[in-house]
Each structure stands twice: as C-alpha cells, then as structure tokens.
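Chemist: Pasting my_file-v7.json below, which is JSON, C-alpha atoms and all ligand atoms.
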[["chain", "number", "residue", "atom", "x", "y", "z"],
["A", 264, "MET", "CA", 101.06, 107.82, 87.45],
["A", 265, "ILE", "CA", 98.94, 107.63, 84.33],
["A", 266, "LEU", "CA", 95.33, 108.00, 85.39],
["A", 267, "LEU", "CA", 92.60, 107.36, 82.86],
["A", 268, "ALA", "CA", 89.04, 108.61, 83.31],
["A", 269, "GLY", "CA", 87.05, 106.53, 80.87],
["A", 270, "SER", "CA", 83.75, 104.76, 80.40],
["A", 271, "VAL", "CA", 81.25, 104.01, 77.68],
["A", 272, "LYS", "CA", 78.45, 106.23, 78.95],
["A", 273, "GLY", "CA", 78.20, 109.98, 78.45],
["A", 274, "GLY", "CA", 77.80, 112.63, 81.10],
["A", 275, "THR", "CA", 78.94, 110.59, 84.09],
["A", 276, "GLY", "CA", 81.46, 113.17, 85.35],
["A", 277, "LYS", "CA", 84.71, 112.08, 83.70],
["A", 278, "THR", "CA", 85.76, 115.55, 82.56],
["A", 279, "VAL", "CA", 84.73, 117.34, 85.75],
["A", 280, "THR", "CA", 86.62, 114.78, 87.83],
["A", 281, "SER", "CA", 89.70, 114.96, 85.57],
["A", 282, "ALA", "CA", 89.77, 118.76, 85.77],
["A", 283, "ASN", "CA", 89.43, 118.80, 89.55],
["A", 284, "LEU", "CA", 92.05, 116.11, 90.08],
["A", 285, "GLY", "CA", 94.39, 118.06, 87.78],
["A", 286, "VAL", "CA", 93.96, 121.14, 89.95],
["A", 287, "GLU", "CA", 94.54, 119.15, 93.16],
["A", 288, "ARG", "CA", 97.65, 117.54, 91.74],
["A", 289, "ALA", "CA", 99.09, 120.90, 90.65],
["A", 290, "ARG", "CA", 98.23, 122.44, 94.04],
["A", 291, "ALA", "CA", 100.19, 119.59, 95.62],
["A", 292, "GLY", "CA", 103.21, 120.84, 93.64],
["A", 293, "LYS", "CA", 103.22, 118.07, 91.05],
["A", 294, "GLN", "CA", 103.93, 118.47, 87.35],
["A", 295, "VAL", "CA", 100.69, 117.27, 85.84],
["A", 296, "LEU", "CA", 99.67, 116.89, 82.22],
["A", 297, "LEU", "CA", 96.01, 116.94, 81.25],
["A", 298, "VAL", "CA", 95.26, 114.89, 78.17],
["A", 299, "ASP", "CA", 92.00, 115.55, 76.37],
["A", 300, "ALA", "CA", 91.40, 112.35, 74.42],
["A", 301, "ASP", "CA", 87.84, 113.32, 73.53],
["A", 302, "ALA", "CA", 88.59, 115.49, 70.52],
["A", 303, "ASP", "CA", 84.94, 115.65, 69.41],
["A", 304, "GLN", "CA", 83.94, 117.60, 72.50],
["A", 305, "GLY", "CA", 87.28, 118.94, 73.73],
["A", 306, "ASN", "CA", 85.70, 119.95, 77.04],
["A", 307, "LEU", "CA", 88.82, 119.45, 79.15],
["A", 308, "ASN", "CA", 90.88, 121.36, 76.61],
["A", 309, "ASP", "CA", 88.38, 124.24, 76.57],
["A", 310, "TRP", "CA", 88.22, 124.33, 80.37],
["A", 311, "ALA", "CA", 92.04, 124.44, 80.57],
["A", 312, "ALA", "CA", 92.15, 127.17, 77.90],
["A", 313, "LEU", "CA", 89.69, 129.24, 79.93],
["A", 314, "ARG", "CA", 91.91, 128.72, 82.96],
["A", 315, "SER", "CA", 95.02, 129.92, 81.13],
["A", 316, "GLU", "CA", 93.24, 132.93, 79.62],
["A", 317, "ALA", "CA", 92.08, 133.92, 83.12],
["A", 318, "GLY", "CA", 95.68, 133.54, 84.37],
["A", 319, "ILE", "CA", 94.70, 131.13, 87.15],
["A", 320, "GLU", "CA", 97.62, 129.63, 89.06],
["A", 321, "PRO", "CA", 98.83, 126.97, 89.21],
["A", 322, "ALA", "CA", 98.91, 126.90, 85.42],
["A", 323, "LEU", "CA", 98.15, 123.51, 83.87],
["A", 324, "THR", "CA", 99.76, 121.94, 80.83],
["A", 325, "ARG", "CA", 97.42, 120.26, 78.41],
["A", 326, "VAL", "CA", 97.47, 118.37, 75.15],
["A", 327, "MET", "CA", 94.88, 116.79, 72.90],
["A", 328, "LEU", "CA", 95.53, 113.26, 71.68],
["A", 329, "LYS", "CA", 93.65, 111.47, 68.98],
["A", 330, "GLY", "CA", 94.20, 108.38, 66.90],
["A", 331, "ARG", "CA", 96.01, 105.13, 66.78],
["A", 332, "ASP", "CA", 99.31, 106.27, 68.26],
["A", 333, "THR", "CA", 97.70, 107.55, 71.47],
["A", 334, "ALA", "CA", 99.41, 104.90, 73.63],
["A", 335, "GLN", "CA", 102.77, 105.61, 72.02],
["A", 336, "GLN", "CA", 102.38, 109.35, 72.61],
["A", 337, "LEU", "CA", 101.42, 108.75, 76.25],
["A", 338, "LEU", "CA", 104.52, 106.63, 76.80],
["A", 339, "ARG", "CA", 106.68, 109.39, 75.31],
["A", 340, "LEU", "CA", 105.12, 111.94, 77.66],
["A", 341, "ARG", "CA", 105.18, 109.77, 80.79],
["A", 342, "ASP", "CA", 108.69, 110.56, 81.98],
["A", 343, "LYS", "CA", 108.27, 114.30, 81.46],
["A", 344, "PHE", "CA", 105.53, 114.64, 84.10],
["A", 345, "ASP", "CA", 104.85, 113.39, 87.63],
["A", 346, "ASP", "CA", 101.31, 112.51, 86.61],
["A", 347, "ILE", "CA", 99.19, 112.33, 83.48],
["A", 348, "ILE", "CA", 95.40, 112.53, 83.63],
["A", 349, "ILE", "CA", 93.58, 111.35, 80.51],
["A", 350, "ASP", "CA", 89.96, 112.22, 79.86],
["A", 351, "CYS", "CA", 88.26, 110.03, 77.25],
["A", 352, "GLY", "CA", 84.84, 110.45, 75.65],
["A", 353, "GLY", "CA", 81.84, 108.50, 76.93],
["A", 354, "PHE", "CA", 81.97, 105.79, 74.29],
["A", 355, "ASP", "CA", 84.17, 102.97, 73.05],
["A", 356, "SER", "CA", 86.92, 104.77, 71.16],
["A", 357, "GLN", "CA", 90.35, 104.06, 69.76],
["A", 358, "GLU", "CA", 91.72, 106.54, 72.31],
["A", 359, "LEU", "CA", 90.06, 104.69, 75.22],
["A", 360, "ARG", "CA", 91.39, 101.33, 74.05],
["A", 361, "GLN", "CA", 94.88, 102.77, 73.63],
["A", 362, "ALA", "CA", 94.86, 104.55, 76.99],
["A", 363, "LEU", "CA", 93.76, 101.33, 78.71],
["A", 364, "VAL", "CA", 97.00, 99.70, 77.57],
["A", 365, "VAL", "CA", 99.27, 102.24, 79.30],
["A", 366, "ALA", "CA", 97.20, 103.52, 82.24],
["A", 367, "ASP", "CA", 98.24, 102.71, 85.82],
["A", 368, "LEU", "CA", 94.75, 103.33, 87.16],
["A", 369, "TRP", "CA", 91.37, 103.34, 85.42],
["A", 370, "LEU", "CA", 88.84, 105.65, 86.99],
["A", 371, "ILE", "CA", 85.22, 105.00, 86.02],
["A", 372, "PRO", "CA", 82.82, 107.62, 87.35],
["A", 373, "MET", "CA", 79.27, 106.27, 87.39],
["A", 374, "LYS", "CA", 75.91, 106.25, 89.09],
["A", 375, "PRO", "CA", 74.18, 103.03, 90.08],
["A", 376, "SER", "CA", 71.46, 103.50, 87.45],
["A", 377, "GLN", "CA", 70.45, 100.46, 85.42],
["A", 378, "PHE", "CA", 71.63, 101.98, 82.13],
["A", 379, "GLN", "CA", 75.05, 102.65, 83.61],
["A", 380, "ILE", "CA", 75.24, 99.24, 85.29],
["A", 381, "TRP", "CA", 74.58, 97.62, 81.92],
["A", 382, "THR", "CA", 77.82, 99.16, 80.65],
["A", 383, "LEU", "CA", 79.82, 96.97, 83.06],
["A", 384, "ASP", "CA", 79.83, 94.12, 80.53],
["A", 385, "LYS", "CA", 81.41, 96.37, 77.93],
["A", 386, "LEU", "CA", 83.93, 97.67, 80.48],
["A", 387, "LEU", "CA", 84.82, 94.09, 81.34],
["A", 388, "GLU", "CA", 85.37, 93.31, 77.65],
["A", 389, "LEU", "CA", 87.58, 96.39, 77.21],
["A", 390, "ARG", "CA", 89.63, 95.39, 80.25],
["A", 391, "GLU", "CA", 90.14, 91.88, 78.86],
["A", 392, "LEU", "CA", 91.27, 93.32, 75.53],
["A", 393, "ALA", "CA", 93.72, 95.69, 77.22],
["A", 394, "LEU", "CA", 95.15, 92.89, 79.38],
["A", 395, "GLY", "CA", 96.22, 91.14, 76.18],
["A", 396, "PHE", "CA", 98.63, 94.03, 75.52],
["A", 397, "ARG", "CA", 99.76, 94.64, 79.12],
["A", 398, "THR", "CA", 102.35, 93.02, 81.34],
["A", 399, "THR", "CA", 100.85, 94.56, 84.50],
["A", 400, "PRO", "CA", 97.36, 94.16, 86.02],
["A", 401, "LEU", "CA", 94.67, 96.76, 85.47],
["A", 402, "GLN", "CA", 91.98, 97.48, 87.98],
["A", 403, "GLY", "CA", 88.85, 99.41, 87.10],
["A", 404, "CYS", "CA", 88.07, 101.78, 89.98],
["A", 405, "LEU", "CA", 84.39, 102.66, 90.00],
["A", 406, "LEU", "CA", 83.72, 106.08, 91.47],
["A", 407, "ALA", "CA", 80.24, 106.94, 92.69],
["A", 408, "ALA", "CA", 79.98, 110.29, 90.88],
["A", 409, "ARG", "CA", 77.18, 112.82, 90.56],
["A", 410, "ALA", "CA", 75.87, 110.84, 93.53],
["A", 411, "SER", "CA", 72.59, 111.69, 95.18],
["A", 412, "THR", "CA", 72.84, 113.92, 98.26],
["A", 413, "HIS", "CA", 69.52, 112.54, 99.55],
["A", 414, "PRO", "CA", 70.18, 111.07, 103.00],
["A", 415, "ALA", "CA", 68.27, 107.89, 102.11],
["A", 416, "HIS", "CA", 70.54, 107.18, 99.12],
["A", 417, "ASP", "CA", 73.99, 105.63, 99.29],
["A", 418, "ASP", "CA", 75.16, 105.35, 95.69],
["A", 419, "ARG", "CA", 78.55, 104.01, 96.70],
["A", 420, "ALA", "CA", 77.03, 101.14, 98.69],
["A", 421, "THR", "CA", 74.67, 100.35, 95.81],
["A", 422, "LEU", "CA", 77.56, 100.20, 93.32],
["A", 423, "ASP", "CA", 79.48, 97.99, 95.72],
["A", 424, "ALA", "CA", 76.50, 95.65, 96.06],
["A", 425, "VAL", "CA", 76.18, 95.43, 92.25],
["A", 426, "LEU", "CA", 79.85, 94.51, 91.91],
["A", 427, "ARG", "CA", 79.61, 91.86, 94.62],
["A", 428, "GLN", "CA", 76.45, 90.40, 93.12],
["A", 429, "ARG", "CA", 78.04, 90.24, 89.67],
["A", 430, "GLY", "CA", 81.34, 88.90, 91.08],
["A", 431, "LEU", "CA", 83.33, 91.07, 88.67],
["A", 432, "ASP", "CA", 87.05, 90.50, 89.02],
["A", 433, "GLY", "CA", 89.30, 93.42, 88.31],
["A", 434, "PHE", "CA", 86.85, 96.10, 89.39],
["A", 435, "ARG", "CA", 86.36, 97.74, 92.77],
["A", 436, "VAL", "CA", 84.51, 100.75, 94.17],
["A", 437, "LEU", "CA", 86.57, 103.63, 95.56],
["A", 438, "ASN", "CA", 85.76, 104.87, 99.05],
["A", 439, "ALA", "CA", 85.58, 108.51, 97.91],
["A", 440, "VAL", "CA", 82.24, 109.73, 96.57],
["A", 441, "ILE", "CA", 81.58, 112.78, 94.37],
["A", 442, "HIS", "CA", 78.05, 114.10, 94.91],
["A", 443, "GLU", "CA", 75.95, 116.15, 92.52],
["A", 444, "ARG", "CA", 76.68, 119.71, 93.67],
["A", 445, "ALA", "CA", 76.35, 123.16, 92.11],
["A", 446, "ALA", "CA", 79.95, 123.88, 93.14],
["A", 447, "TYR", "CA", 81.25, 121.63, 90.36],
["A", 448, "THR", "CA", 79.40, 123.44, 87.60],
["A", 449, "MET", "CA", 80.28, 126.81, 89.14],
["A", 450, "ALA", "CA", 84.01, 125.98, 89.12],
["A", 451, "GLU", "CA", 83.82, 124.43, 85.63],
["A", 452, "GLY", "CA", 82.50, 127.68, 84.14],
["A", 453, "GLN", "CA", 85.46, 129.64, 85.49],
["A", 454, "GLY", "CA", 88.28, 127.29, 84.51],
["A", 455, "MET", "CA", 88.70, 126.38, 88.17],
["A", 456, "GLY", "CA", 88.59, 123.40, 90.45],
["A", 457, "VAL", "CA", 86.18, 123.47, 93.39],
["A", 458, "SER", "CA", 89.05, 124.06, 95.82],
["A", 459, "GLU", "CA", 89.67, 127.43, 94.12],
["A", 460, "LEU", "CA", 86.16, 128.74, 94.81],
["A", 461, "PRO", "CA", 85.43, 130.96, 97.84],
["A", 462, "ARG", "CA", 84.67, 128.63, 100.77],
["A", 463, "SER", "CA", 81.77, 130.66, 102.19],
["A", 464, "ASP", "CA", 79.21, 128.17, 100.84],
["A", 465, "ARG", "CA", 78.65, 124.86, 102.63],
["A", 466, "GLY", "CA", 78.18, 123.04, 99.30],
["A", 467, "VAL", "CA", 81.58, 124.29, 98.13],
["A", 468, "ARG", "CA", 83.22, 123.11, 101.35],
["A", 469, "SER", "CA", 81.63, 119.68, 100.94],
["A", 470, "ALA", "CA", 82.78, 119.47, 97.31],
["A", 471, "VAL", "CA", 86.34, 120.45, 98.30],
["A", 472, "ALA", "CA", 86.38, 117.76, 101.01],
["A", 473, "GLU", "CA", 85.23, 115.07, 98.61],
["A", 474, "ILE", "CA", 87.68, 115.99, 95.85],
["A", 475, "GLN", "CA", 90.49, 116.04, 98.40],
["A", 476, "SER", "CA", 89.48, 112.56, 99.61],
["A", 477, "LEU", "CA", 89.46, 111.28, 96.04],
["A", 478, "HIS", "CA", 92.85, 112.88, 95.37],
["A", 479, "GLN", "CA", 94.23, 111.30, 98.56],
["A", 480, "GLU", "CA", 92.83, 107.88, 97.74],
["A", 481, "ILE", "CA", 94.15, 107.85, 94.17],
["A", 482, "PHE", "CA", 97.50, 109.57, 94.47],
["A", 483, "GLU", "CA", 98.60, 109.55, 98.10],
["A", 484, "ASP", "CA", 97.46, 106.02, 98.94],
["A", 485, "ALA", "CA", 99.06, 104.95, 95.65],
["A", 486, "ARG", "CA", 101.24, 102.37, 97.34],
["A", 487, "GLU", "CA", 98.18, 100.65, 98.78],
["A", 488, "THR", "CA", 96.48, 100.84, 95.38],
["A", 489, "ALA", "CA", 99.53, 99.28, 93.72],
["A", 490, "ALA", "CA", 99.50, 96.51, 96.34],
["A", 491, "ALA", "CA", 95.79, 95.91, 95.70],
["A", 492, "LEU", "CA", 96.51, 95.70, 91.97],
["A", 493, "VAL", "CA", 99.17, 93.05, 92.48],
["A", 494, "GLU", "CA", 96.81, 91.06, 94.71],
["A", 495, "ALA", "CA", 93.98, 91.27, 92.15],
["B", 1, "LIG", "N1", 79.53, 116.20, 90.66],
["B", 1, "LIG", "C1", 78.80, 116.97, 89.84],
["B", 1, "LIG", "N2", 77.86, 117.81, 90.33],
["B", 1, "LIG", "C2", 77.12, 118.59, 89.51],
["B", 1, "LIG", "N3", 77.24, 118.59, 88.18],
["B", 1, "LIG", "C3", 78.15, 117.77, 87.62],
["B", 1, "LIG", "C4", 78.98, 116.93, 88.41],
["B", 1, "LIG", "N4", 79.78, 116.23, 87.58],
["B", 1, "LIG", "C5", 79.47, 116.62, 86.34],
["B", 1, "LIG", "N5", 78.49, 117.54, 86.36],
["B", 1, "LIG", "C6", 77.85, 118.19, 85.20],
["B", 1, "LIG", "O1", 77.34, 117.18, 84.36],
["B", 1, "LIG", "C7", 77.67, 117.42, 83.00],
["B", 1, "LIG", "C8", 78.48, 116.26, 82.47],
["B", 1, "LIG", "O2", 79.69, 116.18, 83.20],
["B", 1, "LIG", "P1", 81.04, 115.79, 82.48],
["B", 1, "LIG", "O3", 81.23, 116.62, 81.27],
["B", 1, "LIG", "O4", 82.13, 115.80, 83.49],
["B", 1, "LIG", "O5", 80.71, 114.29, 82.08],
["B", 1, "LIG", "P2", 81.54, 113.36, 81.10],
["B", 1, "LIG", "O6", 81.47, 111.99, 81.67],
["B", 1, "LIG", "O7", 82.87, 113.93, 80.84],
["B", 1, "LIG", "O8", 80.65, 113.43, 79.77],
["B", 1, "LIG", "P3", 81.06, 112.90, 78.30],
["B", 1, "LIG", "O9", 80.94, 111.42, 78.37],
["B", 1, "LIG", "O10", 80.07, 113.53, 77.40],
["B", 1, "LIG", "O11", 82.46, 113.32, 78.05],
["B", 1, "LIG", "C9", 78.43, 118.73, 82.97],
["B", 1, "LIG", "O12", 77.57, 119.71, 82.58],
["B", 1, "LIG", "C10", 78.89, 118.95, 84.38],
["B", 1, "LIG", "O13", 78.90, 120.27, 84.77],
["B", 2, "MG", "MG", 83.78, 114.45, 79.04]]
Starting from the coordinates I provided, produce the structure as structure tokens.
Ligand SMILES: Nc1ncnc2c1ncn2[C@@H]1O[C@H](COP(=O)(O)OP(=O)(O)OP(=O)(O)O)[C@@H](O)[C@H]1O
Ligand SMILES: [Mg+2]
Modeler:
Amino acid sequence: MILLAGSVKGGTGKTVTSANLGVERARAGKQVLLVDADADQGNLNDWAALRSEAGIEPALTRVMLKGRDTAQQLLRLRDKFDDIIIDCGGFDSQELRQALVVADLWLIPMKPSQFQIWTLDKLLELRELALGFRTTPLQGCLLAARASTHPAHDDRATLDAVLRQRGLDGFRVLNAVIHERAAYTMAEGQGMGVSELPRSDRGVRSAVAEIQSLHQEIFEDARETAAALVEA
C-alpha cells in the first residue's frame, strides 16, 4: 500500500505519525519504505538517520523524493516494498500533488481547530485535481491527531461533526485517535517509535495502544478500507 501523510497545515503530526506507522509496519515483518517528501525540513529522514546510527532494529529503509517526477519514482519503488509511507510538508507542494496521484490512502492528521478546518476547502481542491489523473477513487482519511486528553474534549467526534455538516464527499474520519502525549516526543528524539519505549509509564502504554489501533485500522483492515473506497 502507498500511504500518504499530507495536508496544507504545518505541525499537525504528519511526520510523527509516519515514523510511528513505519516502525509498526516493520515490527509486523513488512518491508516498508519511508519517503521523506519534505526536503526543506527532512525531519523523517533525520529521524530515520538517528535510528540507523543508534542501530535500532528493525532497520528502516528511507529515501528523499523531491520534484516533478515524484509520482514516477513512487511507482518504480512500489513493487519493491510491501508498503510505502510518504511524509509531505505542511503546504501545497509539487510532491504532495504528485503523491496524491499514486497513493492508495491519504492520511490527514488534524485537530478540529478553526484554522485547520479552513484547510478542508484546499484539501478538497487537491483531491479533485488528483482525481483527474487517477483511475481509482481516493479517500481522504482525517485522523484526530495531537488530540486533547481532556475528558470533556472529543476531537474525533468534533471532526466527524464538521465533515457531516459540510457534507464533504471523499473524506471520512478514522476511528483511531492520536492524543497529544509526551511519549511521542520522547520516542522522536531517540529515533524510535512509541512501541519501542519502556512501557513503565502509563502515557507510553496509551500511546502504544493508539498507534497500534491506527496501524490496525489502516493496514490490517485494508480490505474494508478498499471496500469503503469503492463505495465512495
Ligand atoms: N501526538 C503527539 N503528541 C505530542 N507531540 C506531538 C504529537 N505529534 C506531534 N508532536 C510534536 O509536534 C511537533 C510537530 O509534529 P510533526 O513534525 O509530526 O508535524 P508535521 O505535521 O509533520 O509538521 P510539518 O507540517 O511542519 O511537517 C513535533 O515537535 C512533534 O514532536
Ligand atoms: Mg513534517
């Protein structure tokens, strides 16, 4: 599967989610390729380099892609890996537009803040553009990410309500939720995924559970996702 983490807002959790899903995929025994398509920052590339330098297993393969042949490069790489995870920058870029043409699933981490909700129009426009080059459907999967852990807040439900109110075809909200937790930043700084941290801390255990749910929903329930895409 080619999974694209992409949006037009910075700092929503695209890179952290890509890194953690890469670790989960590799721990599940899959050959996964991490694609850093945000050359300006290169955060995913730097995180993966830190991981290799520290000799953390499973080792991850990574590449940086930039420019107008991004889609072509992704298609060349597709058959060499079980899964490809692409991390784009938080803005409308050539790489994002190209990746949208070849991705099987578009993951959009976001919070239900007004500024992020306003980006939905742009995301809709990008989807329409991509559909002009695709023969298969493309569904934007909103992920409530960096979500509030306050018991009175339900960021996923709020995102869902926004989508329903707007009646946006081609977008849905994933069931999994990634909350704002120190475990993510702790793992990031060591070239790890949260599931590689010691589990003594309750926050780490919660982070592991939510990343595993996301991994399950995206990759293991893939048949259901594919069916939902055909229905859409
Ligand atoms: N679930 C989380 N809990 C706590 N901190 C997080 C979480 N997700 C991301 N962060 C922190 O927020 C910052 C931005 O995250 P990240 O780099 O993943 O966002 P991004 O969407 O890739 O940003 P950009 O658009 O600039 O590429 C990072 O410092 C990261 O450690
Ligand atoms: Mg990023």
Chemist: Name each residue within 10 Å of ligand LIG 1 (chain B), counting all atoms listed in the file, as a ChimeraX atom specification.
Modeler: /A:268-283,299-307,350-354,371-373,407-411,440-452,470,473-474
Chemist: In terms of the shortest atom-to-atom distance over all atoms listed in the file, which of A:Ile349, A:Ala291, A:Val467, A:Leu422 is closest to ligand MG 2 (chain B)?
Modeler: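 So, comparing all the options, the nearest one is A:Ile349.
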Chemist: Pick out the closest residue to ligand MG 2 (chain B) from this set: A:Val298, A:Arg290, A:Asp342, A:Thr324. Count all atoms listed in the file.
Modeler: A:Val298
Chemist: What is the distance between CA of Met264 (chain A) and CA of Asp346 (chain A), in Å to one decimal?
Modeler: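 These two atoms are separated by 4.8 Å.
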Chemist: At what distance in Å, to one decimal, does CA of Cys404 (chain A) lie from CA of Arg427 (chain A)?
Modeler: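 These atoms are spaced 13.8 Å apart.
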Chemist: Can you tell me, as a PyMOL selection string, what residues are no more than 9 Å from Arg360 (chain A) when counting all atoms listed in the file, ignoring any on the same chain fewer than 5 positions away?
Modeler: chain A and resi 334+355+389-390+392-393
Chemist: Please produce an output containing C-alpha atoms for each residue in the selection, written as an mmCIF file, keeping the file's coordinate frame.
Modeler:
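Result written to out24.cif:
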data_model
loop_
_atom_site.group_PDB
_atom_site.id
_atom_site.type_symbol
_atom_site.label_atom_id
_atom_site.label_comp_id
_atom_site.auth_asym_id
_atom_site.auth_seq_id
_atom_site.Cartn_x
_atom_site.Cartn_y
_atom_site.Cartn_z
ATOM 1 C CA ALA A 334 99.410 104.900 73.630
ATOM 2 C CA ASP A 355 84.170 102.970 73.050
ATOM 3 C CA LEU A 389 87.580 96.390 77.210
ATOM 4 C CA ARG A 390 89.630 95.390 80.250
ATOM 5 C CA LEU A 392 91.270 93.320 75.530
ATOM 6 C CA ALA A 393 93.720 95.690 77.220
#
Chemist: Go through A:Asp309, A:Asp332, A:Glu480, A:Glu459 and flag the residue nearest ligand MG 2 (chain B), using only C-alpha atoms and all ligand atoms for the distances.
Modeler: A:Asp309
